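Below is coords.pdb, holding PDB, C-alpha atoms and all ligand atoms.
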ATOM      1  CA  MET B 110      23.966  56.344 -98.905
ATOM      2  CA  LYS B 111      26.871  58.658 -98.333
ATOM      3  CA  ASP B 112      29.026  59.495-101.321
ATOM      4  CA  LEU B 113      32.452  60.980-101.972
ATOM      5  CA  ALA B 114      31.133  64.568-102.008
ATOM      6  CA  ALA B 115      29.611  64.029 -98.576
ATOM      7  CA  LEU B 116      32.870  62.511 -97.340
ATOM      8  CA  LYS B 117      34.822  65.546 -98.570
ATOM      9  CA  ASP B 118      32.352  67.823 -96.904
ATOM     10  CA  TYR B 119      32.633  65.946 -93.665
ATOM     11  CA  ILE B 120      36.469  66.035 -93.722
ATOM     12  CA  LEU B 121      36.331  69.810 -94.194
ATOM     13  CA  GLN B 122      34.040  70.066 -91.196
ATOM     14  CA  VAL B 123      36.352  67.928 -89.090
ATOM     15  CA  TYR B 124      39.328  70.021 -90.200
ATOM     16  CA  GLU B 125      37.601  73.240 -89.148
ATOM     17  CA  ARG B 126      36.424  71.659 -85.898
ATOM     18  CA  HIS B 127      39.920  70.697 -84.747
ATOM     19  CA  ARG B 128      42.192  73.356 -86.209
ATOM     20  CA  THR B 129      41.574  75.596 -83.196
ATOM     21  CA  ASN B 130      42.684  72.837 -80.820
ATOM     22  CA  HIS B 131      46.131  73.772 -79.520
ATOM     23  CA  GLU B 132      46.519  71.038 -76.938
ATOM     24  CA  GLY B 133      49.730  69.049 -76.751
ATOM     25  CA  GLN B 134      53.380  69.792 -77.440
ATOM     26  CA  VAL B 135      55.735  69.418 -80.362
ATOM     27  CA  THR B 136      58.362  66.868 -79.358
ATOM     28  CA  THR B 137      61.888  68.064 -78.657
ATOM     29  CA  TYR B 138      63.703  64.916 -77.521
ATOM     30  CA  ILE B 139      64.934  64.663 -81.115
ATOM     31  CA  PRO B 140      66.109  68.306 -81.269
ATOM     32  CA  GLU B 141      65.513  68.727 -85.002
ATOM     33  CA  LEU B 142      61.827  67.779 -84.635
ATOM     34  CA  GLY B 143      61.378  70.700 -82.224
ATOM     35  CA  LYS B 144      61.603  73.059 -85.222
ATOM     36  CA  ALA B 145      58.212  71.954 -86.582
ATOM     37  CA  ASN B 146      55.469  74.560 -86.902
ATOM     38  CA  PRO B 147      52.954  73.462 -84.230
ATOM     39  CA  ASP B 148      50.003  74.863 -86.203
ATOM     40  CA  HIS B 149      50.506  72.735 -89.291
ATOM     41  CA  PHE B 150      47.479  70.557 -89.919
ATOM     42  CA  GLY B 151      46.825  68.356 -92.929
ATOM     43  CA  ILE B 152      44.307  65.585 -93.558
ATOM     44  CA  SER B 153      44.315  63.216 -96.537
ATOM     45  CA  VAL B 154      42.066  60.321 -97.431
ATOM     46  CA  VAL B 155      42.773  57.894-100.283
ATOM     47  CA  THR B 156      40.418  55.062-101.174
ATOM     48  CA  ALA B 157      41.450  51.572-102.249
ATOM     49  CA  GLN B 158      40.227  52.605-105.714
ATOM     50  CA  GLY B 159      42.610  55.579-105.774
ATOM     51  CA  GLN B 160      40.156  58.418-105.209
ATOM     52  CA  GLU B 161      41.714  61.014-102.974
ATOM     53  CA  PHE B 162      40.919  64.097-101.010
ATOM     54  CA  SER B 163      43.140  66.392 -98.926
ATOM     55  CA  VAL B 164      42.656  69.501 -96.857
ATOM     56  CA  GLY B 165      44.992  71.947 -95.055
ATOM     57  CA  ASP B 166      48.770  71.513 -95.041
ATOM     58  CA  SER B 167      48.686  68.243 -96.932
ATOM     59  CA  GLN B 168      51.808  69.180 -98.927
ATOM     60  CA  GLN B 169      53.832  69.885 -95.787
ATOM     61  CA  GLU B 170      56.581  67.305 -95.377
ATOM     62  CA  PHE B 171      57.474  65.744 -92.045
ATOM     63  CA  THR B 172      59.459  62.673 -91.056
ATOM     64  CA  ILE B 173      57.516  59.450 -90.998
ATOM     65  CA  GLN B 174      59.076  58.368 -87.673
ATOM     66  CA  SER B 175      57.368  55.316 -86.179
ATOM     67  CA  ILE B 176      54.928  54.965 -89.070
ATOM     68  CA  CYS B 177      57.886  53.311 -90.828
ATOM     69  CA  LYS B 178      57.560  50.381 -88.420
ATOM     70  CA  PRO B 179      54.717  48.348 -89.977
ATOM     71  CA  LEU B 180      56.275  48.887 -93.423
ATOM     72  CA  ALA B 181      59.680  47.641 -92.291
ATOM     73  CA  PHE B 182      57.928  44.693 -90.607
ATOM     74  CA  LEU B 183      56.312  43.815 -93.947
ATOM     75  CA  MET B 184      59.706  43.860 -95.650
ATOM     76  CA  ALA B 185      61.179  41.604 -92.941
ATOM     77  CA  LEU B 186      58.320  39.125 -93.391
ATOM     78  CA  GLU B 187      58.830  39.121 -97.143
ATOM     79  CA  GLN B 188      62.575  38.600 -96.855
ATOM     80  CA  HIS B 189      62.641  36.065 -94.020
ATOM     81  CA  GLY B 190      59.135  34.589 -93.739
ATOM     82  CA  ARG B 191      56.976  34.400 -90.621
ATOM     83  CA  GLU B 192      58.834  31.706 -88.735
ATOM     84  CA  THR B 193      62.189  33.484 -88.741
ATOM     85  CA  THR B 194      60.788  36.981 -88.290
ATOM     86  CA  ILE B 195      58.832  36.113 -85.157
ATOM     87  CA  LYS B 196      61.941  34.637 -83.584
ATOM     88  CA  HIS B 197      63.168  38.232 -83.518
ATOM     89  CA  VAL B 198      60.002  40.094 -82.553
ATOM     90  CA  GLY B 199      56.699  39.156 -80.873
ATOM     91  CA  MET B 200      53.166  40.449 -81.487
ATOM     92  CA  GLU B 201      51.973  41.166 -77.961
ATOM     93  CA  PRO B 202      50.977  44.706 -76.902
ATOM     94  CA  SER B 203      53.528  45.914 -74.381
ATOM     95  CA  GLY B 204      51.256  48.300 -72.473
ATOM     96  CA  GLU B 205      54.303  50.490 -72.201
ATOM     97  CA  ALA B 206      55.749  53.591 -73.817
ATOM     98  CA  PHE B 207      57.236  53.368 -77.306
ATOM     99  CA  ASN B 208      60.799  53.605 -76.025
ATOM    100  CA  SER B 209      60.418  51.087 -73.207
ATOM    101  CA  ILE B 210      63.466  48.948 -72.470
ATOM    102  CA  ASN B 211      61.655  45.699 -71.876
ATOM    103  CA  LEU B 212      61.635  42.287 -73.548
ATOM    104  CA  ASP B 213      59.205  39.350 -73.418
ATOM    105  CA  ARG B 214      59.677  35.888 -71.857
ATOM    106  CA  LEU B 215      61.672  34.778 -74.892
ATOM    107  CA  ASN B 216      63.861  37.890 -74.682
ATOM    108  CA  ARG B 217      62.209  39.246 -77.822
ATOM    109  CA  PRO B 218      60.854  42.771 -78.190
ATOM    110  CA  PHE B 219      57.112  42.694 -77.468
ATOM    111  CA  ASN B 220      56.031  43.756 -80.960
ATOM    112  CA  PRO B 221      57.334  45.514 -84.100
ATOM    113  CA  MET B 222      55.550  48.799 -83.276
ATOM    114  CA  VAL B 223      57.716  49.748 -80.284
ATOM    115  CA  ASN B 224      61.300  50.930 -80.756
ATOM    116  CA  ALA B 225      62.860  47.664 -79.538
ATOM    117  CA  GLY B 226      60.835  45.666 -82.064
ATOM    118  CA  ALA B 227      61.554  48.083 -84.868
ATOM    119  CA  ILE B 228      65.287  47.920 -84.160
ATOM    120  CA  SER B 229      65.112  44.118 -84.268
ATOM    121  CA  VAL B 230      63.255  44.364 -87.598
ATOM    122  CA  ALA B 231      65.779  46.912 -88.918
ATOM    123  CA  ALA B 232      68.530  44.346 -88.298
ATOM    124  CA  LEU B 233      66.598  41.860 -90.458
ATOM    125  CA  ILE B 234      66.269  44.208 -93.444
ATOM    126  CA  LYS B 235      69.478  46.229 -93.189
ATOM    127  CA  GLY B 236      71.002  44.638 -96.289
ATOM    128  CA  ALA B 237      74.604  44.059 -97.256
ATOM    129  CA  SER B 238      75.701  47.670 -96.763
ATOM    130  CA  PRO B 239      74.259  50.704 -94.957
ATOM    131  CA  GLU B 240      73.485  52.345 -98.322
ATOM    132  CA  ALA B 241      71.826  49.245 -99.788
ATOM    133  CA  GLY B 242      69.484  48.681 -96.836
ATOM    134  CA  VAL B 243      68.355  52.294 -96.640
ATOM    135  CA  ASP B 244      67.998  52.518-100.397
ATOM    136  CA  ALA B 245      65.795  49.412-100.546
ATOM    137  CA  PHE B 246      63.535  50.818 -97.840
ATOM    138  CA  LEU B 247      63.296  54.222 -99.503
ATOM    139  CA  LYS B 248      62.520  52.639-102.870
ATOM    140  CA  ARG B 249      59.741  50.541-101.401
ATOM    141  CA  LEU B 250      58.119  53.489 -99.630
ATOM    142  CA  SER B 251      58.436  55.591-102.777
ATOM    143  CA  LEU B 252      56.640  52.873-104.715
ATOM    144  CA  ALA B 253      53.870  52.845-102.108
ATOM    145  CA  ALA B 254      53.578  56.660-102.048
ATOM    146  CA  GLY B 255      53.707  56.891-105.851
ATOM    147  CA  ARG B 256      56.529  59.447-105.870
ATOM    148  CA  ASP B 257      60.253  59.568-105.046
ATOM    149  CA  LEU B 258      60.725  60.104-101.328
ATOM    150  CA  ARG B 259      63.940  61.188 -99.623
ATOM    151  CA  ILE B 260      65.525  61.204 -96.202
ATOM    152  CA  ASP B 261      65.734  64.275 -93.991
ATOM    153  CA  GLN B 262      69.438  64.048 -93.240
ATOM    154  CA  ALA B 263      69.244  66.727 -90.525
ATOM    155  CA  VAL B 264      66.623  64.725 -88.586
ATOM    156  CA  CYS B 265      68.576  61.511 -89.114
ATOM    157  CA  ALA B 266      71.767  63.126 -87.797
ATOM    158  CA  SER B 267      69.877  64.696 -84.885
ATOM    159  CA  GLU B 268      68.461  61.330 -83.953
ATOM    160  CA  ALA B 269      71.788  59.555 -84.297
ATOM    161  CA  ALA B 270      73.460  62.198 -82.114
ATOM    162  CA  THR B 271      70.911  61.940 -79.296
ATOM    163  CA  GLY B 272      69.520  58.404 -79.584
ATOM    164  CA  PHE B 273      71.280  56.973 -76.529
ATOM    165  CA  ARG B 274      68.189  55.135 -75.406
ATOM    166  CA  ASN B 275      67.745  53.443 -78.776
ATOM    167  CA  ARG B 276      71.431  52.558 -78.664
ATOM    168  CA  ALA B 277      70.914  50.998 -75.220
ATOM    169  CA  ILE B 278      67.951  49.002 -76.579
ATOM    170  CA  ALA B 279      70.061  47.806 -79.516
ATOM    171  CA  TYR B 280      72.836  46.578 -77.222
ATOM    172  CA  LEU B 281      70.306  44.800 -75.020
ATOM    173  CA  LEU B 282      68.993  43.065 -78.155
ATOM    174  CA  ARG B 283      72.556  42.205 -79.112
ATOM    175  CA  ASN B 284      73.097  40.709 -75.648
ATOM    176  CA  PHE B 285      70.194  38.311 -76.246
ATOM    177  CA  ASP B 286      71.269  37.499 -79.827
ATOM    178  CA  MET B 287      68.129  39.117 -81.207
ATOM    179  CA  ILE B 288      70.306  41.154 -83.568
ATOM    180  CA  ASP B 289      73.738  40.471 -85.068
ATOM    181  CA  ASP B 290      76.939  42.278 -84.168
ATOM    182  CA  GLN B 291      76.514  45.053 -86.757
ATOM    183  CA  VAL B 292      74.789  47.213 -84.167
ATOM    184  CA  ASP B 293      75.755  50.554 -85.700
ATOM    185  CA  HIS B 294      74.615  49.410 -89.131
ATOM    186  CA  THR B 295      71.250  48.364 -87.632
ATOM    187  CA  LEU B 296      70.834  51.698 -85.840
ATOM    188  CA  HIS B 297      71.704  53.585 -89.023
ATOM    189  CA  GLN B 298      69.005  51.596 -90.816
ATOM    190  CA  TYR B 299      66.464  52.347 -88.067
ATOM    191  CA  PHE B 300      67.254  56.079 -87.787
ATOM    192  CA  SER B 301      67.157  56.415 -91.586
ATOM    193  CA  GLN B 302      63.800  54.626 -91.816
ATOM    194  CA  CYS B 303      62.352  57.053 -89.244
ATOM    195  CA  SER B 304      63.720  60.039 -91.198
ATOM    196  CA  VAL B 305      61.898  59.443 -94.495
ATOM    197  CA  LEU B 306      60.069  62.640 -95.466
ATOM    198  CA  VAL B 307      56.387  62.305 -96.363
ATOM    199  CA  ASN B 308      53.342  64.545 -96.475
ATOM    200  CA  SER B 309      49.849  63.516 -95.416
ATOM    201  CA  ARG B 310      48.929  62.663 -99.004
ATOM    202  CA  ASP B 311      51.954  60.319 -99.302
ATOM    203  CA  LEU B 312      51.021  58.639 -96.067
ATOM    204  CA  ALA B 313      47.413  58.184 -97.139
ATOM    205  CA  MET B 314      48.592  56.669-100.441
ATOM    206  CA  ILE B 315      50.871  54.280 -98.522
ATOM    207  CA  GLY B 316      47.886  53.395 -96.327
ATOM    208  CA  ALA B 317      45.646  52.919 -99.357
ATOM    209  CA  THR B 318      48.286  50.521-100.712
ATOM    210  CA  LEU B 319      47.846  48.481 -97.530
ATOM    211  CA  ALA B 320      44.040  48.772 -97.782
ATOM    212  CA  ASN B 321      44.332  47.580-101.383
ATOM    213  CA  ILE B 322      46.229  44.452-100.180
ATOM    214  CA  GLY B 323      49.651  45.617-101.304
ATOM    215  CA  ASP B 324      49.030  47.302-104.669
ATOM    216  CA  ASN B 325      49.214  51.068-105.075
ATOM    217  CA  PRO B 326      45.652  51.968-106.153
ATOM    218  CA  GLU B 327      46.792  54.760-108.455
ATOM    219  CA  THR B 328      49.925  53.446-110.181
ATOM    220  CA  HIS B 329      48.894  49.783-109.729
ATOM    221  CA  ALA B 330      52.471  48.958-108.727
ATOM    222  CA  GLU B 331      52.672  45.732-106.711
ATOM    223  CA  VAL B 332      54.377  47.099-103.612
ATOM    224  CA  PHE B 333      53.910  44.587-100.789
ATOM    225  CA  ASP B 334      53.267  40.847-100.778
ATOM    226  CA  MET B 335      49.531  40.476-100.129
ATOM    227  CA  ASN B 336      50.167  37.437 -97.916
ATOM    228  CA  TYR B 337      51.670  39.582 -95.177
ATOM    229  CA  ILE B 338      49.342  42.598 -95.183
ATOM    230  CA  LYS B 339      47.204  41.040 -92.480
ATOM    231  CA  ASP B 340      50.284  40.555 -90.286
ATOM    232  CA  ALA B 341      51.046  44.270 -90.434
ATOM    233  CA  LEU B 342      47.428  45.386 -89.980
ATOM    234  CA  SER B 343      46.969  43.057 -86.987
ATOM    235  CA  VAL B 344      49.884  44.484 -85.041
ATOM    236  CA  MET B 345      48.808  47.996 -86.030
ATOM    237  CA  LEU B 346      45.355  47.316 -84.553
ATOM    238  CA  THR B 347      46.695  45.888 -81.295
ATOM    239  CA  CYS B 348      49.970  47.812 -80.827
ATOM    240  CA  GLY B 349      50.106  50.776 -83.221
ATOM    241  CA  MET B 350      49.297  53.579 -80.788
ATOM    242  CA  TYR B 351      51.723  52.552 -78.037
ATOM    243  CA  ASP B 352      50.195  52.533 -74.552
ATOM    244  CA  TYR B 353      46.979  54.025 -75.988
ATOM    245  CA  SER B 354      46.486  51.027 -78.285
ATOM    246  CA  GLY B 355      43.750  49.326 -76.242
ATOM    247  CA  GLU B 356      41.668  52.464 -75.907
ATOM    248  CA  TRP B 357      42.193  53.227 -79.602
ATOM    249  CA  ALA B 358      41.093  49.719 -80.660
ATOM    250  CA  TYR B 359      38.037  50.063 -78.432
ATOM    251  CA  ASN B 360      37.004  53.527 -79.575
ATOM    252  CA  VAL B 361      38.239  53.777 -83.159
ATOM    253  CA  GLY B 362      38.728  50.107 -84.050
ATOM    254  CA  LEU B 363      41.133  50.626 -86.951
ATOM    255  CA  PRO B 364      44.675  49.442 -87.602
ATOM    256  CA  ALA B 365      46.791  52.569 -87.201
ATOM    257  CA  LYS B 366      50.271  53.859 -86.524
ATOM    258  CA  SER B 367      51.474  57.128 -85.088
ATOM    259  CA  GLY B 368      54.858  58.845 -85.249
ATOM    260  CA  VAL B 369      56.482  61.438 -82.967
ATOM    261  CA  ALA B 370      56.779  63.997 -85.771
ATOM    262  CA  GLY B 371      52.968  64.227 -85.658
ATOM    263  CA  GLY B 372      51.705  61.812 -88.303
ATOM    264  CA  ILE B 373      48.948  59.242 -87.835
ATOM    265  CA  LEU B 374      47.969  56.680 -90.441
ATOM    266  CA  ALA B 375      44.763  54.651 -90.082
ATOM    267  CA  VAL B 376      43.677  51.923 -92.511
ATOM    268  CA  VAL B 377      40.185  50.671 -93.271
ATOM    269  CA  ASN B 378      40.830  47.209 -94.705
ATOM    270  CA  ARG B 379      39.940  46.942 -98.425
ATOM    271  CA  GLN B 380      38.432  50.426 -98.383
ATOM    272  CA  LEU B 381      40.511  53.465 -97.585
ATOM    273  CA  SER B 382      43.150  55.130 -95.520
ATOM    274  CA  ILE B 383      43.198  58.292 -93.443
ATOM    275  CA  ALA B 384      46.413  60.230 -92.792
ATOM    276  CA  VAL B 385      46.706  63.226 -90.513
ATOM    277  CA  TYR B 386      49.645  65.511 -89.835
ATOM    278  CA  SER B 387      49.602  67.754 -86.784
ATOM    279  CA  PRO B 388      52.764  67.908 -84.692
ATOM    280  CA  ARG B 389      51.323  68.686 -81.251
ATOM    281  CA  LEU B 390      51.489  65.395 -79.319
ATOM    282  CA  ASP B 391      49.827  64.102 -76.187
ATOM    283  CA  ASP B 392      51.912  62.620 -73.373
ATOM    284  CA  ARG B 393      51.995  59.199 -75.069
ATOM    285  CA  GLY B 394      53.521  60.628 -78.248
ATOM    286  CA  ASN B 395      50.359  60.559 -80.403
ATOM    287  CA  SER B 396      49.131  63.571 -82.403
ATOM    288  CA  VAL B 397      46.269  65.206 -80.491
ATOM    289  CA  ARG B 398      44.379  66.416 -83.562
ATOM    290  CA  GLY B 399      45.249  63.203 -85.422
ATOM    291  CA  ILE B 400      43.438  61.121 -82.832
ATOM    292  CA  LYS B 401      40.428  63.435 -82.894
ATOM    293  CA  VAL B 402      40.138  63.406 -86.692
ATOM    294  CA  CYS B 403      40.334  59.610 -86.898
ATOM    295  CA  THR B 404      37.884  59.192 -84.030
ATOM    296  CA  ASP B 405      35.329  61.512 -85.667
ATOM    297  CA  LEU B 406      35.649  59.918 -89.098
ATOM    298  CA  ALA B 407      35.418  56.385 -87.723
ATOM    299  CA  GLU B 408      32.293  57.294 -85.814
ATOM    300  CA  GLU B 409      30.549  59.213 -88.591
ATOM    301  CA  TYR B 410      31.217  56.530 -91.189
ATOM    302  CA  GLY B 411      30.983  53.455 -88.980
ATOM    303  CA  LEU B 412      34.557  52.468 -89.790
ATOM    304  CA  HIS B 413      35.202  50.521 -86.569
ATOM    305  CA  ALA B 414      36.173  46.955 -87.518
ATOM    306  CA  PHE B 415      33.369  45.537 -85.381
ATOM    307  CA  ASN B 416      30.700  48.111 -85.996
ATOM    308  CA  PHE B 417      27.332  46.374 -86.034
ATOM    309  CA  THR B 418      25.926  48.651 -88.722
ATOM    310  CA  ASN B 419      28.817  47.603 -90.983
ATOM    311  CA  PHE B 420      28.212  50.869 -92.733
ATOM    312  CA  GLY B 421      31.897  51.217 -93.577
ATOM    313  CA  SER B 422      31.858  48.390 -96.067
ATOM    314  CA  ASN B 423      28.689  49.701 -97.702
ATOM    315  CA  PHE B 424      29.629  53.274 -98.089
ATOM    316  CA  ILE B 425      32.786  52.769-100.058
ATOM    317  CA  GLN B 426      31.082  50.614-102.643
ATOM    318  CA  ALA B 427      28.885  53.577-103.399
ATOM    319  CA  LEU B 428      31.826  55.844-104.274
TER
HETATM  320  N1  LIG Y 501      62.638  57.791 -84.236
HETATM  321  C1  LIG Y 501      61.821  57.803 -83.064
HETATM  322  C2  LIG Y 501      62.542  57.146 -81.902
HETATM  323  O1  LIG Y 501      63.188  56.182 -82.087
HETATM  324  C3  LIG Y 501      60.547  57.109 -83.360
HETATM  325  C4  LIG Y 501      59.611  57.106 -82.202
HETATM  326  C5  LIG Y 501      58.183  57.387 -82.580
HETATM  327  O2  LIG Y 501      57.825  57.911 -83.623
HETATM  328  N2  LIG Y 501      57.334  57.086 -81.655
HETATM  329  O3  LIG Y 501      62.483  57.584 -80.795
END
Mind converting the file's structure to structure tokens?
Amino acid sequence: MKDLAALKDYILQVYERHRTNHEGQVTTYIPELGKANPDHFGISVVTAQGQEFSVGDSQQEFTIQSICKPLAFLMALEQHGRETTIKHVGMEPSGEAFNSINLDRLNRPFNPMVNAGAISVAALIKGASPEAGVDAFLKRLSLAAGRDLRIDQAVCASEAATGFRNRAIAYLLRNFDMIDDQVDHTLHQYFSQCSVLVNSRDLAMIGATLANIGDNPETHAEVFDMNYIKDALSVMLTCGMYDYSGEWAYNVGLPAKSGVAGGILAVVNRQLSIAVYSPRLDDRGNSVRGIKVCTDLAEEYGLHAFNFTNFGSNFIQAL
């Protein structure tokens, strides 16, 4: 039976294995993100019991970007319930890029993991004022991470100044009454959510909160309503890696979400979470090293949801 020491050892091996991989490019379409150091590489794992292990640049902050999407979706479900929320966003993989301007047969965004869906969700949780909505989101993520998080105002401003495509998506959603007429307020909420600064350890703690059905495993704060965790994990499994989601589900088999700043968060239900930061992205916008790390760990520890050995569920009980 593998134990925590063996897991740590294996993560170190994986870190060494992939740190020399320089494939991919740091994104520049949000100009501020282009300033990232391409060599940064951090891996963190936190279990649903709160044990943790990090290696590399795990203290390096980066913006959460699209990894905010399942968390915002959870807040929308809590505030509005399932019936109302899914009138504004579907749960079907789009098979298209994250910034695709495309709606489903009901004129809804395909799912909450693509930009259109996340903008629709942002409208649902934006609150009474721009400050209130952003503050509520930041507070919730801070509770999940177990420390006070903040917004990278430079990234937020950079995104607001160049986000013409997201603005076009928002107006398309407005045209179909998917969002209300406070379009700028909604976009401010969305850009702010994407600009929350985290490190890989924060992300792994947020993921462990999901793995621990909504409670932070270290502080024991009740962060998310346990009734909706499966909603978020389901769309992460089917839609979380954009147009790589099918291949990811097939090969890795874990609910996950990537962001264009270079973060990837993968969750092993009821067991643990893996977070990787490495800003070089492939052409779909997913971290190259992040995918490799998660793939290796899932294979070594049998973490795939449908793994016949079911080793994943055994190994964690031994920790
Ligand atoms: N803020 C980014 C955008 O809207 C998020 C995209 C991402 O991380 N894939 O373009």
Residues within 7 Å of stretch 133-141 of chain B, please, as a PyMOL selection string. Count all atoms listed in the file; anything in the same chain fewer than 3 positions from it doesn't count. chain B and resi 144+147+263-264+267-268+271+369+388-391+397
What would the selection look like, as a PyMOL selection string, if the PyMOL selection byres (((chain B and resi 159) around 12) and not hetatm) were run on the coordinates I just shared? chain B and resi 154-158+160-162+254-255+310+313-318+320-321+324-329+379-382+425+428
Go through the chains and note each residue within 6 Å of ligand LIG 501 (chain Y), using all atoms listed in the file, then give the set as a PDB file with C-alpha atoms, keeping the file's coordinate frame.
ATOM      1  CA  GLN B 174      59.076  58.368 -87.673  1.00  0.00           C
ATOM      2  CA  SER B 175      57.368  55.316 -86.179  1.00  0.00           C
ATOM      3  CA  PHE B 207      57.236  53.368 -77.306  1.00  0.00           C
ATOM      4  CA  ASN B 224      61.300  50.930 -80.756  1.00  0.00           C
ATOM      5  CA  CYS B 303      62.352  57.053 -89.244  1.00  0.00           C
ATOM      6  CA  GLY B 368      54.858  58.845 -85.249  1.00  0.00           C
ATOM      7  CA  VAL B 369      56.482  61.438 -82.967  1.00  0.00           C
TER       8      VAL B 369
END
Could you tell me which residues the PyMOL selection byres (((chain B and resi 209) around 10) and not hetatm) returns for this structure, as a list in words?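 After applying the PyMOL selection byres (((chain B and resi 209) around 10) and not hetatm), what remains is Ser203, Gly204, Glu205, Ala206, Phe207, Asn208, Ile210, Asn211, Leu212, Pro218, Phe219, Val223, Asn224, Ala225, Arg274, Asn275 and Ile278 of chain B.
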Just give me the gap between atom CA of B:Tyr351 and atom CA of B:Ala365 in Å, one decimal is fine. 10.4 Å
